[in-house]
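See structure below.
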Amino acid sequence: MDRAPGLSVRLKLTLSYAGFLMLAGALMLAAAWLAGQYRQSFEFLLRYVPDGAISTIGGLVPGNNSFLLRAFAPAAAIALAFLLVFGLLGGWLLAGRMLAPLTRITDATRVAANGSLSHRIRLPGRRDEFRELADAFDAMLARVEAHVAEQRRFAANASHELRTPLAITQTLVDVARNDPNRDTGELVDRLHAVNTRAIDLTEALLLLSRADQRSFTREPVDLSLIAEEATETLLPLAEKHGVTIETAGDIAPTIGSHALLLQMTTDLVHNAIVHNMPEQATVWVSTSVRPKSVMLTVENTGEKLSPQLVSTLTEPFQRGTVRLHNHHAGVGLGLAIAKSITQAHDGALTITPRTGGGLHVTVQLPATPTRTGRLNHPGSG
């Protein structure tokens with residue numbers, strides 16, 4: 001935005017300091033001048049100066065106090081001039097000292113605008129308005145830097161993931177072109193599988209972008225009903241994998257997008273089903289209510305995972321070592337989508353490893369006031 005040039009803040013503060021000092025001096029001199037006027041309330045300053053002639057040894061001395069005021073005027077002018085110079089110089093130095101933190105903040109803003117997001121102000125000293133501004137700027141810059149780094153990793157990973165099915169498709173097409181007598185049935189099946197994976201990945205990327213942008217309509221929803229709907233939808237998959245699903249929970253009212261919250265819950269339950277034990281596998285889905293929040297918990301049996309590995313599972317395209325050998329690994333965005341949807345609803349997603357193996361996933365969302373009840377929906381596969 002183009003702006004017309006104007007006075008600097010330092011110069012404005014300097015003029016303000018000098019002007020205030022000149023005003024104070026002028027008021028003091030005005031009080032002294034009024035004190036010599038006839039029947040003024042300030043007469044106490046010059047009440048002992050006579051207004052007539054004074055007899056002395058050797059002659060008469062004029063006693064009119066106007067002579068005293070005329071003698072005082074040059075000294076008053078000199079005093080005002082001194083106050084003006086002193087106010088300008090002192091105001092300039094004081095303003096520079098007071099605005100020095102603002103200069104550092106401005107320099108840091110210019111550095112950040114040029115692309116260097118790692119720079120921090122780190123303004124020393126006790127807390128005041130400038131230091132609060134500097135700390136808020138540092139915190140904002142740290143979040144922006146982390147977000148930009150995450151987006152760069154996401155773009156690189158997305159490009160890699162999308163390139164893989166496209167490269168496979170190109171290879172299959174080249175094979176079919178070079179070998180016209182090859183059985184096309186197998187080729188079509190493989191092309192269909194690769195194309196399906198590319199479509200799933202693209203839809204997951206679009207859903208992740210939609211959640212990050214928070215471009216959805218909010219409405220009252222019951223998290224317990226969403227959990228019930230997600231588990232009923234995934235019961236056939238659980239039966240196929242021999243997984244038992246146990247659900248129980250309170251009515252959990254919140255505000256958000258029914259479609260996105262259903263997608264989040266489905267992703268969590270799906271993840272718990274396909275990344276589980278080959279035998280005696282169980283998934284527990286429950287909801288609960290707290291004074292200001294509602295909770296969705298999804299637990300599953302499975303392989304033991306280290307806390308270091310679990311901490312990376314919500315990053316896009318990150319998979320555990322066990323998942324790499326699982327043909328149900330998906331596109332690597334399930335937990336990332338669940339985390340983005342949770343954050344878009346002003347909530348928090350927490351993943352911790354279970355002692356006996358598997359994961360304990362908790363989603364905490366803001367609650368809406370309503371009466372609560374107990375729902376039990378046992379299911380098995």
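The chains in the structure tokens are called A, B, ... from first to last as shown; in each chain the residues are counted from 1, and the ligands are counted from 1 in the order shown.
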- If you run DSSP on the backbone, which residues of region 169-361 of chain A are strand (DSSP E or B), as number ranges by chain? A: 219-222, 243-250, 253-256, 281-289, 293-300, 348-353, 359-361
Spatial neighbours of Leu80 (chain A), 10 Å, only C-alpha atoms, chain gap at least 6 places, as a compact mmCIF listing (two decimals) with all heavy atoms, in the first residue's frame:
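And here's result06.txt as it stands now:
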```
# COMPACT_ATOMS: atom_id res chain seq x y z
N LEU A 21 6.74 21.06 27.25
CA LEU A 21 7.67 21.81 28.10
C LEU A 21 7.50 23.31 27.89
O LEU A 21 7.51 24.09 28.86
CB LEU A 21 9.10 21.37 27.80
CG LEU A 21 10.18 21.73 28.82
CD1 LEU A 21 9.84 21.13 30.17
CD2 LEU A 21 11.54 21.25 28.36
N MET A 22 7.33 23.77 26.65
CA MET A 22 7.11 25.19 26.36
C MET A 22 5.80 25.66 26.97
O MET A 22 5.70 26.77 27.51
CB MET A 22 7.11 25.42 24.86
CG MET A 22 8.47 25.26 24.21
SD MET A 22 9.58 26.62 24.63
CE MET A 22 8.76 27.98 23.80
N LEU A 23 4.76 24.86 26.91
CA LEU A 23 3.47 25.23 27.48
C LEU A 23 3.57 25.39 28.99
O LEU A 23 3.04 26.35 29.57
CB LEU A 23 2.43 24.17 27.13
CG LEU A 23 1.02 24.39 27.71
CD1 LEU A 23 0.42 25.69 27.18
CD2 LEU A 23 0.12 23.21 27.37
N ALA A 24 4.28 24.47 29.64
CA ALA A 24 4.46 24.58 31.09
C ALA A 24 5.23 25.85 31.45
O ALA A 24 4.87 26.57 32.40
CB ALA A 24 5.19 23.34 31.62
N GLY A 25 6.28 26.15 30.68
CA GLY A 25 7.04 27.38 30.93
C GLY A 25 6.22 28.62 30.70
O GLY A 25 6.29 29.59 31.47
N ALA A 26 5.42 28.64 29.63
CA ALA A 26 4.58 29.80 29.34
C ALA A 26 3.54 30.02 30.42
O ALA A 26 3.24 31.16 30.80
CB ALA A 26 3.90 29.60 27.99
N LEU A 29 5.29 31.70 33.34
CA LEU A 29 5.57 33.11 33.09
C LEU A 29 4.28 33.92 33.08
O LEU A 29 4.25 35.07 33.54
CB LEU A 29 6.30 33.26 31.76
CG LEU A 29 7.71 32.65 31.71
CD1 LEU A 29 8.31 32.79 30.32
CD2 LEU A 29 8.62 33.30 32.75
N PRO A 74 13.00 39.99 29.39
CA PRO A 74 14.12 39.37 28.66
C PRO A 74 14.56 38.04 29.27
O PRO A 74 14.84 37.09 28.55
CB PRO A 74 15.22 40.43 28.76
CG PRO A 74 14.51 41.71 29.00
CD PRO A 74 13.32 41.36 29.86
N PHE A 86 16.14 22.67 25.04
CA PHE A 86 16.26 21.52 25.93
C PHE A 86 15.17 20.50 25.64
O PHE A 86 15.42 19.28 25.64
CB PHE A 86 16.16 21.99 27.39
CG PHE A 86 16.28 20.87 28.38
CD1 PHE A 86 17.51 20.33 28.70
CD2 PHE A 86 15.14 20.36 28.99
CE1 PHE A 86 17.61 19.29 29.61
CE2 PHE A 86 15.23 19.32 29.90
CZ PHE A 86 16.47 18.79 30.22
```
- Item | Selection: 8 Å around Gly87 (chain A), only C-alpha atoms, excl. self and same-chain fewer than 2 positions, as a list in words | Thr14, Tyr17, Ala18, Gly19, Leu21, Met22, Leu83, Leu84, Val85, Leu89, Gly90 and Gly91 of chain A
- Query: Which one of A:Gly242, A:Pro124, A:Pro291, A:Gly302 sits closest to His275 (chain A) if you count only C-alpha atoms?
  - Reply: A:Gly302
- Query: DSSP says alpha helix (DSSP H) for which residues of region 176-314 of chain A? Put them as a PyMOL selection string?
  - Reply: chain A and resi 176-178+184-213+223-241+258-274+307-310
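Among the candidates A:Leu305, A:Leu313, A:Ala112, A:Val298, the residue lying nearest to His360 (chain A) is A:Val298 (atoms considered: only C-alpha atoms).
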- Using only C-alpha atoms, the shortest atom-to-atom distance to Ala259 (chain A) among A:Leu207, A:Leu94, A:Val285, A:Val274 belongs to A:Leu207
Do you know which residues are at most 9 Å from Val269 (chain A) counting only C-alpha atoms, after dropping those on the same chain fewer than 2 positions away, and could you put them as a PDB file with N, CA and C atoms, in the first residue's frame?
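Heads up, here's the output in result31.pdb:
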```pdb
ATOM      1  N   ALA A 227     -20.018 -41.839  16.029  1.00  0.00           N
ATOM      2  CA  ALA A 227     -19.210 -43.025  16.297  1.00  0.00           C
ATOM      3  C   ALA A 227     -19.991 -44.296  15.986  1.00  0.00           C
ATOM      4  N   ALA A 230     -20.143 -44.706  12.170  1.00  0.00           N
ATOM      5  CA  ALA A 230     -18.858 -45.122  11.603  1.00  0.00           C
ATOM      6  C   ALA A 230     -18.597 -46.600  11.865  1.00  0.00           C
ATOM      7  N   THR A 231     -18.878 -47.075  13.081  1.00  0.00           N
ATOM      8  CA  THR A 231     -18.619 -48.479  13.405  1.00  0.00           C
ATOM      9  C   THR A 231     -19.560 -49.413  12.640  1.00  0.00           C
ATOM     10  N   LEU A 234     -18.273 -49.852   9.168  1.00  0.00           N
ATOM     11  CA  LEU A 234     -17.031 -50.627   9.067  1.00  0.00           C
ATOM     12  C   LEU A 234     -17.159 -52.036   9.644  1.00  0.00           C
ATOM     13  N   MET A 264     -13.582 -38.202  10.012  1.00  0.00           N
ATOM     14  CA  MET A 264     -12.538 -38.341  11.026  1.00  0.00           C
ATOM     15  C   MET A 264     -12.712 -39.635  11.825  1.00  0.00           C
ATOM     16  N   THR A 265     -13.935 -39.883  12.296  1.00  0.00           N
ATOM     17  CA  THR A 265     -14.188 -41.078  13.096  1.00  0.00           C
ATOM     18  C   THR A 265     -13.989 -42.341  12.267  1.00  0.00           C
ATOM     19  N   THR A 266     -14.447 -42.314  11.024  1.00  0.00           N
ATOM     20  CA  THR A 266     -14.280 -43.475  10.143  1.00  0.00           C
ATOM     21  C   THR A 266     -12.809 -43.762   9.900  1.00  0.00           C
ATOM     22  N   ASP A 267     -12.020 -42.722   9.688  1.00  0.00           N
ATOM     23  CA  ASP A 267     -10.580 -42.921   9.479  1.00  0.00           C
ATOM     24  C   ASP A 267      -9.927 -43.543  10.710  1.00  0.00           C
ATOM     25  N   ASN A 271      -8.422 -47.226  10.676  1.00  0.00           N
ATOM     26  CA  ASN A 271      -7.012 -47.404  11.009  1.00  0.00           C
ATOM     27  C   ASN A 271      -6.839 -48.447  12.112  1.00  0.00           C
ATOM     28  N   ALA A 272      -7.746 -48.407  13.108  1.00  0.00           N
ATOM     29  CA  ALA A 272      -7.659 -49.360  14.214  1.00  0.00           C
ATOM     30  C   ALA A 272      -7.961 -50.785  13.765  1.00  0.00           C
ATOM     31  N   ILE A 273      -8.799 -50.953  12.735  1.00  0.00           N
ATOM     32  CA  ILE A 273      -9.159 -52.295  12.251  1.00  0.00           C
ATOM     33  C   ILE A 273      -8.037 -52.905  11.426  1.00  0.00           C
ATOM     34  N   VAL A 274      -7.547 -52.159  10.440  1.00  0.00           N
ATOM     35  CA  VAL A 274      -6.609 -52.744   9.480  1.00  0.00           C
ATOM     36  C   VAL A 274      -5.202 -52.853  10.053  1.00  0.00           C
ATOM     37  N   VAL A 283     -11.153 -53.692  18.872  1.00  0.00           N
ATOM     38  CA  VAL A 283     -11.182 -52.236  18.769  1.00  0.00           C
ATOM     39  C   VAL A 283     -12.230 -51.731  19.754  1.00  0.00           C
ATOM     40  N   TRP A 284     -11.868 -50.743  20.564  1.00  0.00           N
ATOM     41  CA  TRP A 284     -12.791 -50.140  21.511  1.00  0.00           C
ATOM     42  C   TRP A 284     -13.079 -48.704  21.079  1.00  0.00           C
ATOM     43  N   VAL A 285     -14.348 -48.367  20.914  1.00  0.00           N
ATOM     44  CA  VAL A 285     -14.770 -47.019  20.533  1.00  0.00           C
ATOM     45  C   VAL A 285     -15.715 -46.508  21.614  1.00  0.00           C
ATOM     46  N   VAL A 298     -10.627 -44.065  20.629  1.00  0.00           N
ATOM     47  CA  VAL A 298     -10.523 -45.262  19.794  1.00  0.00           C
ATOM     48  C   VAL A 298      -9.241 -45.983  20.199  1.00  0.00           C
ATOM     49  N   GLU A 299      -9.395 -47.214  20.691  1.00  0.00           N
ATOM     50  CA  GLU A 299      -8.247 -48.039  21.085  1.00  0.00           C
ATOM     51  C   GLU A 299      -8.265 -49.330  20.278  1.00  0.00           C
ATOM     52  N   ASN A 300      -7.096 -49.877  20.079  1.00  0.00           N
ATOM     53  CA  ASN A 300      -7.020 -51.161  19.379  1.00  0.00           C
ATOM     54  C   ASN A 300      -5.809 -51.955  19.857  1.00  0.00           C
TER      55      ASN A 300
END
```
